[in-house]
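Trainee: If it helps, the file is called target10.txt and holds compact mmCIF, C-alpha atoms:
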# COMPACT_ATOMS: atom_id res chain seq x y z
CA MET A 1 0.00 0.00 0.00
CA ASP A 2 2.88 2.38 0.76
CA ALA A 3 4.28 1.78 -2.73
CA PHE A 4 0.95 2.67 -4.34
CA ALA A 5 0.63 5.75 -2.15
CA SER A 6 4.10 6.97 -3.05
CA PHE A 7 3.39 6.38 -6.75
CA PHE A 8 0.22 8.49 -6.74
CA ASP A 9 1.89 11.15 -4.58
CA SER A 10 4.71 11.45 -7.12
CA GLN A 11 2.24 11.63 -10.00
CA SER A 12 0.23 14.41 -8.32
CA ALA A 13 3.42 16.29 -7.52
CA SER A 14 4.60 16.04 -11.13
CA ARG A 15 1.23 17.32 -12.34
CA ASN A 16 1.50 20.30 -10.00
CA ARG A 17 4.90 21.15 -11.46
CA TRP A 18 3.54 21.28 -15.02
CA THR A 19 3.33 24.80 -16.40
CA TYR A 20 3.18 26.29 -19.87
CA ASP A 21 6.98 26.52 -19.88
CA SER A 22 7.28 22.84 -18.99
CA LEU A 23 5.10 21.96 -21.97
CA LYS A 24 7.70 23.58 -24.22
CA ASN A 25 10.64 22.00 -22.41
CA PHE A 26 12.30 19.35 -24.57
CA ARG A 27 15.78 19.90 -23.13
CA GLN A 28 15.90 16.33 -21.81
CA ILE A 29 15.66 15.17 -25.44
CA SER A 30 18.91 15.82 -27.30
CA PRO A 31 18.87 17.42 -30.79
CA VAL A 32 19.91 14.10 -32.33
CA VAL A 33 16.96 12.34 -30.72
CA GLN A 34 14.60 15.15 -31.73
CA THR A 35 15.72 14.75 -35.36
CA HIS A 36 15.20 11.00 -35.04
CA LEU A 37 11.66 11.53 -33.70
CA LYS A 38 10.86 13.79 -36.66
CA GLN A 39 11.96 10.99 -39.00
CA VAL A 40 9.90 8.45 -37.07
CA TYR A 41 6.70 10.49 -37.18
CA LEU A 42 7.18 11.47 -40.82
CA THR A 43 7.60 7.79 -41.72
CA LEU A 44 4.55 6.98 -39.61
CA CYS A 45 2.48 9.52 -41.55
CA CYS A 46 3.63 7.97 -44.84
CA ALA A 47 2.65 4.51 -43.58
CA LEU A 48 -0.80 5.82 -42.62
CA VAL A 49 -1.21 7.30 -46.11
CA ALA A 50 -0.27 3.90 -47.58
CA SER A 51 -2.82 2.29 -45.25
CA ALA A 52 -5.51 4.71 -46.45
CA ALA A 53 -4.60 3.78 -50.03
CA GLY A 54 -4.99 0.10 -49.16
CA ALA A 55 -8.43 0.72 -47.67
CA TYR A 56 -9.42 2.63 -50.82
CA LEU A 57 -8.24 -0.25 -53.00
CA HIS A 58 -10.43 -2.60 -50.97
CA ILE A 59 -13.45 -0.34 -51.53
CA LEU A 60 -12.74 -0.37 -55.28
CA TRP A 61 -11.85 -4.04 -55.79
CA ASN A 62 -12.73 -5.84 -52.54
CA ILE A 63 -9.20 -7.16 -52.00
CA GLY A 64 -9.13 -7.12 -48.19
CA GLY A 65 -9.25 -10.37 -46.27
CA LEU A 66 -7.13 -13.15 -44.83
CA LEU A 67 -4.56 -13.00 -47.67
CA THR A 68 -3.84 -9.31 -47.14
CA THR A 69 -3.51 -9.92 -43.38
CA PHE A 70 -0.90 -12.63 -43.99
CA ALA A 71 0.80 -10.39 -46.55
CA CYS A 72 0.98 -7.59 -43.97
CA LEU A 73 2.49 -9.92 -41.35
CA GLY A 74 4.94 -11.24 -43.94
CA CYS A 75 6.09 -7.72 -44.85
CA MET A 76 6.56 -6.87 -41.17
CA ALA A 77 8.60 -10.03 -40.55
CA TRP A 78 10.66 -9.36 -43.69
CA LEU A 79 11.28 -5.78 -42.54
CA LEU A 80 12.43 -6.86 -39.07
CA SER A 81 14.80 -9.44 -40.58
CA THR A 82 16.31 -6.95 -43.05
CA PRO A 83 19.55 -5.23 -41.93
CA PRO A 84 19.22 -1.52 -41.04
CA TYR A 85 21.66 -0.42 -43.74
CA GLU A 86 19.17 -1.51 -46.45
CA GLU A 87 17.13 1.59 -45.71
CA GLN A 88 15.18 1.95 -48.96
CA LYS A 89 14.13 -1.71 -48.93
CA ARG A 90 12.93 -1.44 -45.33
CA VAL A 91 10.96 1.74 -46.03
CA ALA A 92 9.36 0.04 -49.04
CA LEU A 93 8.44 -2.98 -46.87
CA LEU A 94 6.90 -0.67 -44.27
CA MET A 95 4.80 1.05 -46.95
CA ALA A 96 3.75 -2.37 -48.30
CA ALA A 97 2.80 -3.48 -44.78
CA GLY A 98 0.75 -0.30 -44.39
CA LEU A 99 -0.97 -0.91 -47.72
CA PHE A 100 -1.90 -4.50 -46.84
CA GLU A 101 -2.98 -3.46 -43.33
CA GLY A 102 -5.30 -0.84 -44.82
CA ALA A 103 -6.76 -3.44 -47.17
CA SER A 104 -7.23 -5.84 -44.24
CA ILE A 105 -9.31 -3.32 -42.26
CA GLY A 106 -11.01 -2.22 -45.47
CA PRO A 107 -14.21 -4.22 -44.78
CA LEU A 108 -14.64 -2.39 -41.46
CA ILE A 109 -14.05 0.98 -43.13
CA ASP A 110 -16.47 0.07 -45.91
CA LEU A 111 -19.10 -0.80 -43.31
CA ALA A 112 -18.53 2.53 -41.56
CA ILE A 113 -18.99 4.41 -44.85
CA GLU A 114 -22.26 2.57 -45.48
CA ILE A 115 -23.62 3.28 -41.99
CA ASP A 116 -22.36 6.83 -41.44
CA PRO A 117 -19.24 8.34 -43.09
CA SER A 118 -18.96 10.94 -40.33
CA VAL A 119 -18.23 8.13 -37.85
CA LEU A 120 -15.13 7.18 -39.83
CA ILE A 121 -13.83 10.76 -39.84
CA THR A 122 -14.58 11.22 -36.14
CA ALA A 123 -12.84 7.96 -35.26
CA PHE A 124 -9.72 8.94 -37.21
CA VAL A 125 -9.61 12.44 -35.71
CA GLY A 126 -10.21 11.04 -32.22
CA THR A 127 -7.44 8.47 -32.68
CA SER A 128 -5.05 11.13 -33.96
CA VAL A 129 -5.79 13.44 -31.02
CA ALA A 130 -5.43 10.64 -28.46
CA PHE A 131 -2.25 9.38 -30.13
CA GLY A 132 -0.77 12.89 -30.20
CA CYS A 133 -1.68 13.63 -26.58
CA PHE A 134 -0.29 10.39 -25.18
CA SER A 135 2.86 10.66 -27.31
CA ALA A 136 3.41 14.23 -26.08
CA ALA A 137 2.86 13.11 -22.48
CA ALA A 138 5.51 10.41 -22.94
CA MET A 139 7.96 12.95 -24.41
CA LEU A 140 7.41 15.50 -21.65
CA ALA A 141 7.63 12.96 -18.82
CA ARG A 142 10.91 12.05 -17.19
CA ARG A 143 13.02 9.54 -19.09
CA ARG A 144 12.06 5.92 -18.43
CA GLU A 145 9.17 7.05 -16.19
CA TYR A 146 6.57 4.82 -17.87
CA LEU A 147 8.77 2.03 -19.22
CA TYR A 148 7.85 -0.16 -16.23
CA LEU A 149 4.31 -0.34 -17.66
CA GLY A 150 5.64 -2.53 -20.49
CA GLY A 151 5.38 -5.67 -18.34
CA LEU A 152 1.81 -4.90 -17.31
CA LEU A 153 0.80 -4.17 -20.90
CA SER A 154 2.40 -7.41 -22.11
CA SER A 155 0.35 -9.28 -19.52
CA GLY A 156 -2.76 -7.47 -20.72
CA LEU A 157 -1.96 -8.40 -24.31
CA SER A 158 -1.55 -12.03 -23.27
CA ILE A 159 -4.97 -11.92 -21.63
CA LEU A 160 -6.49 -10.60 -24.87
CA LEU A 161 -4.81 -13.34 -26.93
CA TRP A 162 -6.05 -16.08 -24.57
CA LEU A 163 -9.56 -14.63 -24.64
CA GLN A 164 -9.50 -14.63 -28.45
CA PHE A 165 -8.28 -18.22 -28.44
CA ALA A 166 -10.96 -19.32 -25.95
CA SER A 167 -13.69 -17.49 -27.88
CA SER A 168 -12.68 -19.17 -31.14
CA ILE A 169 -12.95 -22.62 -29.51
CA PHE A 170 -15.83 -22.32 -27.03
CA GLY A 171 -17.69 -19.44 -28.63
CA GLY A 172 -17.85 -15.87 -27.46
CA SER A 173 -20.45 -13.67 -25.88
CA ALA A 174 -21.41 -10.01 -26.01
CA ALA A 175 -19.87 -9.41 -22.58
CA ILE A 176 -16.53 -10.95 -23.57
CA PHE A 177 -16.49 -8.99 -26.84
CA LYS A 178 -17.17 -5.75 -24.96
CA PHE A 179 -14.41 -6.52 -22.46
CA GLU A 180 -11.93 -7.32 -25.24
CA LEU A 181 -12.87 -4.12 -27.04
CA TYR A 182 -12.44 -1.69 -24.15
CA PHE A 183 -9.62 -3.52 -22.41
CA GLY A 184 -7.77 -3.77 -25.73
CA LEU A 185 -8.24 -0.04 -26.28
CA LEU A 186 -6.74 0.63 -22.84
CA VAL A 187 -3.80 -1.69 -23.51
CA PHE A 188 -2.87 -0.17 -26.87
CA VAL A 189 -3.24 3.40 -25.64
CA GLY A 190 -0.77 2.38 -22.93
CA TYR A 191 1.53 0.98 -25.60
CA VAL A 192 1.56 4.41 -27.30
CA VAL A 193 3.11 5.89 -24.15
CA VAL A 194 5.51 3.01 -23.51
CA ASP A 195 6.65 2.67 -27.12
CA THR A 196 7.25 6.43 -27.38
CA GLN A 197 9.45 6.43 -24.28
CA ASP A 198 11.14 3.24 -25.46
CA ILE A 199 11.97 4.88 -28.80
CA ILE A 200 13.40 7.95 -27.03
CA GLU A 201 15.49 5.83 -24.68
CA LYS A 202 16.82 3.62 -27.48
CA ALA A 203 17.68 6.72 -29.54
CA HIS A 204 19.64 8.12 -26.60
CA LEU A 205 21.56 4.83 -26.51
CA GLY A 206 22.35 5.06 -30.25
CA ASP A 207 19.53 2.99 -31.78
CA LEU A 208 18.31 5.29 -34.58
CA ASP A 209 16.35 2.68 -36.56
CA TYR A 210 13.48 5.01 -37.48
CA VAL A 211 11.79 2.46 -39.76
CA LYS A 212 11.40 -0.12 -36.99
CA HIS A 213 10.30 2.55 -34.52
CA ALA A 214 7.72 3.88 -37.00
CA LEU A 215 6.42 0.31 -37.42
CA ASN A 216 5.88 0.03 -33.65
CA LEU A 217 3.88 3.26 -33.54
CA PHE A 218 1.97 2.31 -36.71
CA THR A 219 0.71 -0.93 -35.15
CA ASP A 220 -0.33 1.02 -32.03
CA PHE A 221 -2.19 3.63 -34.10
CA ILE A 222 -4.08 1.06 -36.17
CA ALA A 223 -5.02 -0.98 -33.09
CA VAL A 224 -6.41 2.10 -31.33
CA PHE A 225 -8.18 3.34 -34.48
CA VAL A 226 -9.92 0.00 -35.15
CA ARG A 227 -11.21 -0.22 -31.59
CA ILE A 228 -12.43 3.37 -31.48
CA LEU A 229 -14.17 2.86 -34.83
CA ILE A 230 -15.89 -0.32 -33.61
CA VAL A 231 -17.04 1.43 -30.42
CA MET A 232 -18.47 4.33 -32.43
CA LEU A 233 -20.18 2.02 -34.93
CA LYS A 234 -21.67 0.04 -32.06
CA ASN A 235 -23.01 3.21 -30.45
CA SER A 236 -24.36 4.43 -33.79
CA ALA A 237 -26.17 1.13 -34.39
CA GLU A 238 -27.70 1.26 -30.90
CA LYS A 239 -28.96 4.80 -31.54
CA GLU A 240 -30.58 3.69 -34.80
CA GLU A 241 -32.32 0.82 -33.01
CA ARG A 242 -33.68 3.22 -30.38
CA LYS A 243 -35.00 5.54 -33.09
CA LYS A 244 -36.76 2.64 -34.82
CA LYS A 245 -38.35 1.53 -31.55
CA ARG A 246 -39.62 5.06 -30.90
CA ARG A 247 -41.15 5.26 -34.39
CA ASN A 248 -42.90 1.92 -33.93
Let me see the structure of the file written as structure tokens.
Mentor:
Amino acid sequence: MDAFASFFDSQSASRNRWTYDSLKNFRQISPVVQTHLKQVYLTLCCALVASAAGAYLHILWNIGGLLTTFACLGCMAWLLSTPPYEEQKRVALLMAAGLFEGASIGPLIDLAIEIDPSVLITAFVGTSVAFGCFSAAAMLARRREYLYLGGLLSSGLSILLWLQFASSIFGGSAAIFKFELYFGLLVFVGYVVVDTQDIIEKAHLGDLDYVKHALNLFTDFIAVFVRILIVMLKNSAEKEERKKKRRN
């Protein structure tokens, strides 16, 4: 109990020290690391554009499915096994992974467009805002402050995988699906913070592999976006059902 009390006391004290000047204080991040972060986020934006192109290709030709999912995983594995000095090849593999990932979630995006296109835009904007806020919080926090959460998040991810496995064998329920949805959202939002601090720490230690780091953030962004979109679609469908009941 004393450990928990000291943790929350330190967090409240750090919040009290935050001012407008502290929000602009990136002195703990060296210029080299700042340049590396710019490369990471620029590459992440390019991967998201490739993912949007993949979703658009699915809407045109209905290419998304199990094959594109395996293709995405294959490109990621190929990227991670490629030496860092083959920079152009690794960037191309990341863009290909983004393209196939976009095609894989294309059916969900297509469904959102059919139901209400504004939900898709709101989900993307909400994901971008949440991603930006949690990334900024990780940058402004003390170095390695949130890295200890990595173990807890890995445990949470294991729980999600076991629940998926159990649901595929014994059948799922609405309650389990809802738990997986919201708990998964919490886990991957946490990964945004941990991965950002992990990238900063590795860059300080000389690991400037911006392609691999952009891949980590890309998987976090897509995982958060998909869950936010599903939550919003679920809420939209429930509202439509209520309207129909009122009319009847």
Trainee: Measuring atom to atom with only C-alpha atoms, identify which of A:Leu229, A:Glu114, A:Lys202, A:Asp209 is nearest to Tyr85 (chain A).
Mentor: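 Checking each candidate against Tyr85 (chain A), we get A:Asp209 as the closest.
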Trainee: Just how far from CA of Met95 (chain A) is CA of Cys45 (chain A), in Å to one decimal?
Mentor: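 Between CA of Cys45 (chain A) and CA of Met95 (chain A) the gap is 10.3 Å.
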Trainee: What does the distance from CA of Ser135 (chain A) to CA of Leu94 (chain A) come to in Å, to one decimal?
Mentor: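 Atom-to-atom, CA of Ser135 (chain A) to CA of Leu94 (chain A), that is 20.8 Å.
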Trainee: Of the candidates A:Val119, A:Leu217, A:Leu160, A:Leu185, which shows the shortest atom-to-atom distance to Asn235 (chain A), using only C-alpha atoms?
Mentor: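 Residue with the minimum atom-to-atom distance to Asn235 (chain A): A:Val119.
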Trainee: Tell me which of A:Lys212, A:Gln28, A:Val40, A:Ala166 sits closest to Thr82 (chain A), counting only C-alpha atoms.
Mentor: A:Lys212
Trainee: Here is a test: counting all atoms listed in the file, which residue of A:Leu152, A:Val226, A:Leu37, A:Val194 is nearest to Thr127 (chain A)?
Mentor: A:Val226
Trainee: Can you tell me how far CA of Glu101 (chain A) sits from CA of Thr69 (chain A), in Å to one decimal?
Mentor: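 Between CA of Glu101 (chain A) and CA of Thr69 (chain A) the gap is 6.5 Å.
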Trainee: Which of these residues is nearest to Leu42 (chain A), using all atoms listed in the file: A:Ile121, A:Val91, A:Gly106, A:Leu66?
Mentor: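 The answer is A:Val91, which sits nearest to Leu42 (chain A).
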Trainee: With 6 Å added on each side, what axis-aligned box encloses every listed atom of region 165-182 of chain A? Give the centre and edge lengths in Å to one decimal, as AutoDock Vina command-line options.
Mentor:
--center_x -14.8 --center_y -12.2 --center_z -26.8 --size_x 25.1 --size_y 32.9 --size_z 20.7
Trainee: Which is closer to Ala71 (chain A) than all the others in A:Ser104, A:Lys178, A:Phe183, A:Tyr41, using only C-alpha atoms?
Mentor: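 Ranking A:Ser104, A:Lys178, A:Phe183, A:Tyr41 by distance to Ala71 (chain A), first place goes to A:Ser104.
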Trainee: Which residues are near Gly102 (chain A)? Cut-off 8 Å, only C-alpha atoms, ignore same chain within fewer than 3 positions. Put them as a list in words.
Mentor: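 Residues meeting the cut-off are Ala50, Ser51, Ala52, Ala53, Gly54, Ala55, Gly98, Leu99, Ile105 and Gly106 of chain A.
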Trainee: With C-alpha atoms retained, write the just-selected residues as a PDB file, in the frame of the given file.
Mentor:
ATOM      1  CA  ALA A  50      -0.270   3.900 -47.580  1.00  0.00           C
ATOM      2  CA  SER A  51      -2.820   2.290 -45.250  1.00  0.00           C
ATOM      3  CA  ALA A  52      -5.510   4.710 -46.450  1.00  0.00           C
ATOM      4  CA  ALA A  53      -4.600   3.780 -50.030  1.00  0.00           C
ATOM      5  CA  GLY A  54      -4.990   0.100 -49.160  1.00  0.00           C
ATOM      6  CA  ALA A  55      -8.430   0.720 -47.670  1.00  0.00           C
ATOM      7  CA  GLY A  98       0.750  -0.300 -44.390  1.00  0.00           C
ATOM      8  CA  LEU A  99      -0.970  -0.910 -47.720  1.00  0.00           C
ATOM      9  CA  ILE A 105      -9.310  -3.320 -42.260  1.00  0.00           C
ATOM     10  CA  GLY A 106     -11.010  -2.220 -45.470  1.00  0.00           C
TER      11      GLY A 106
END
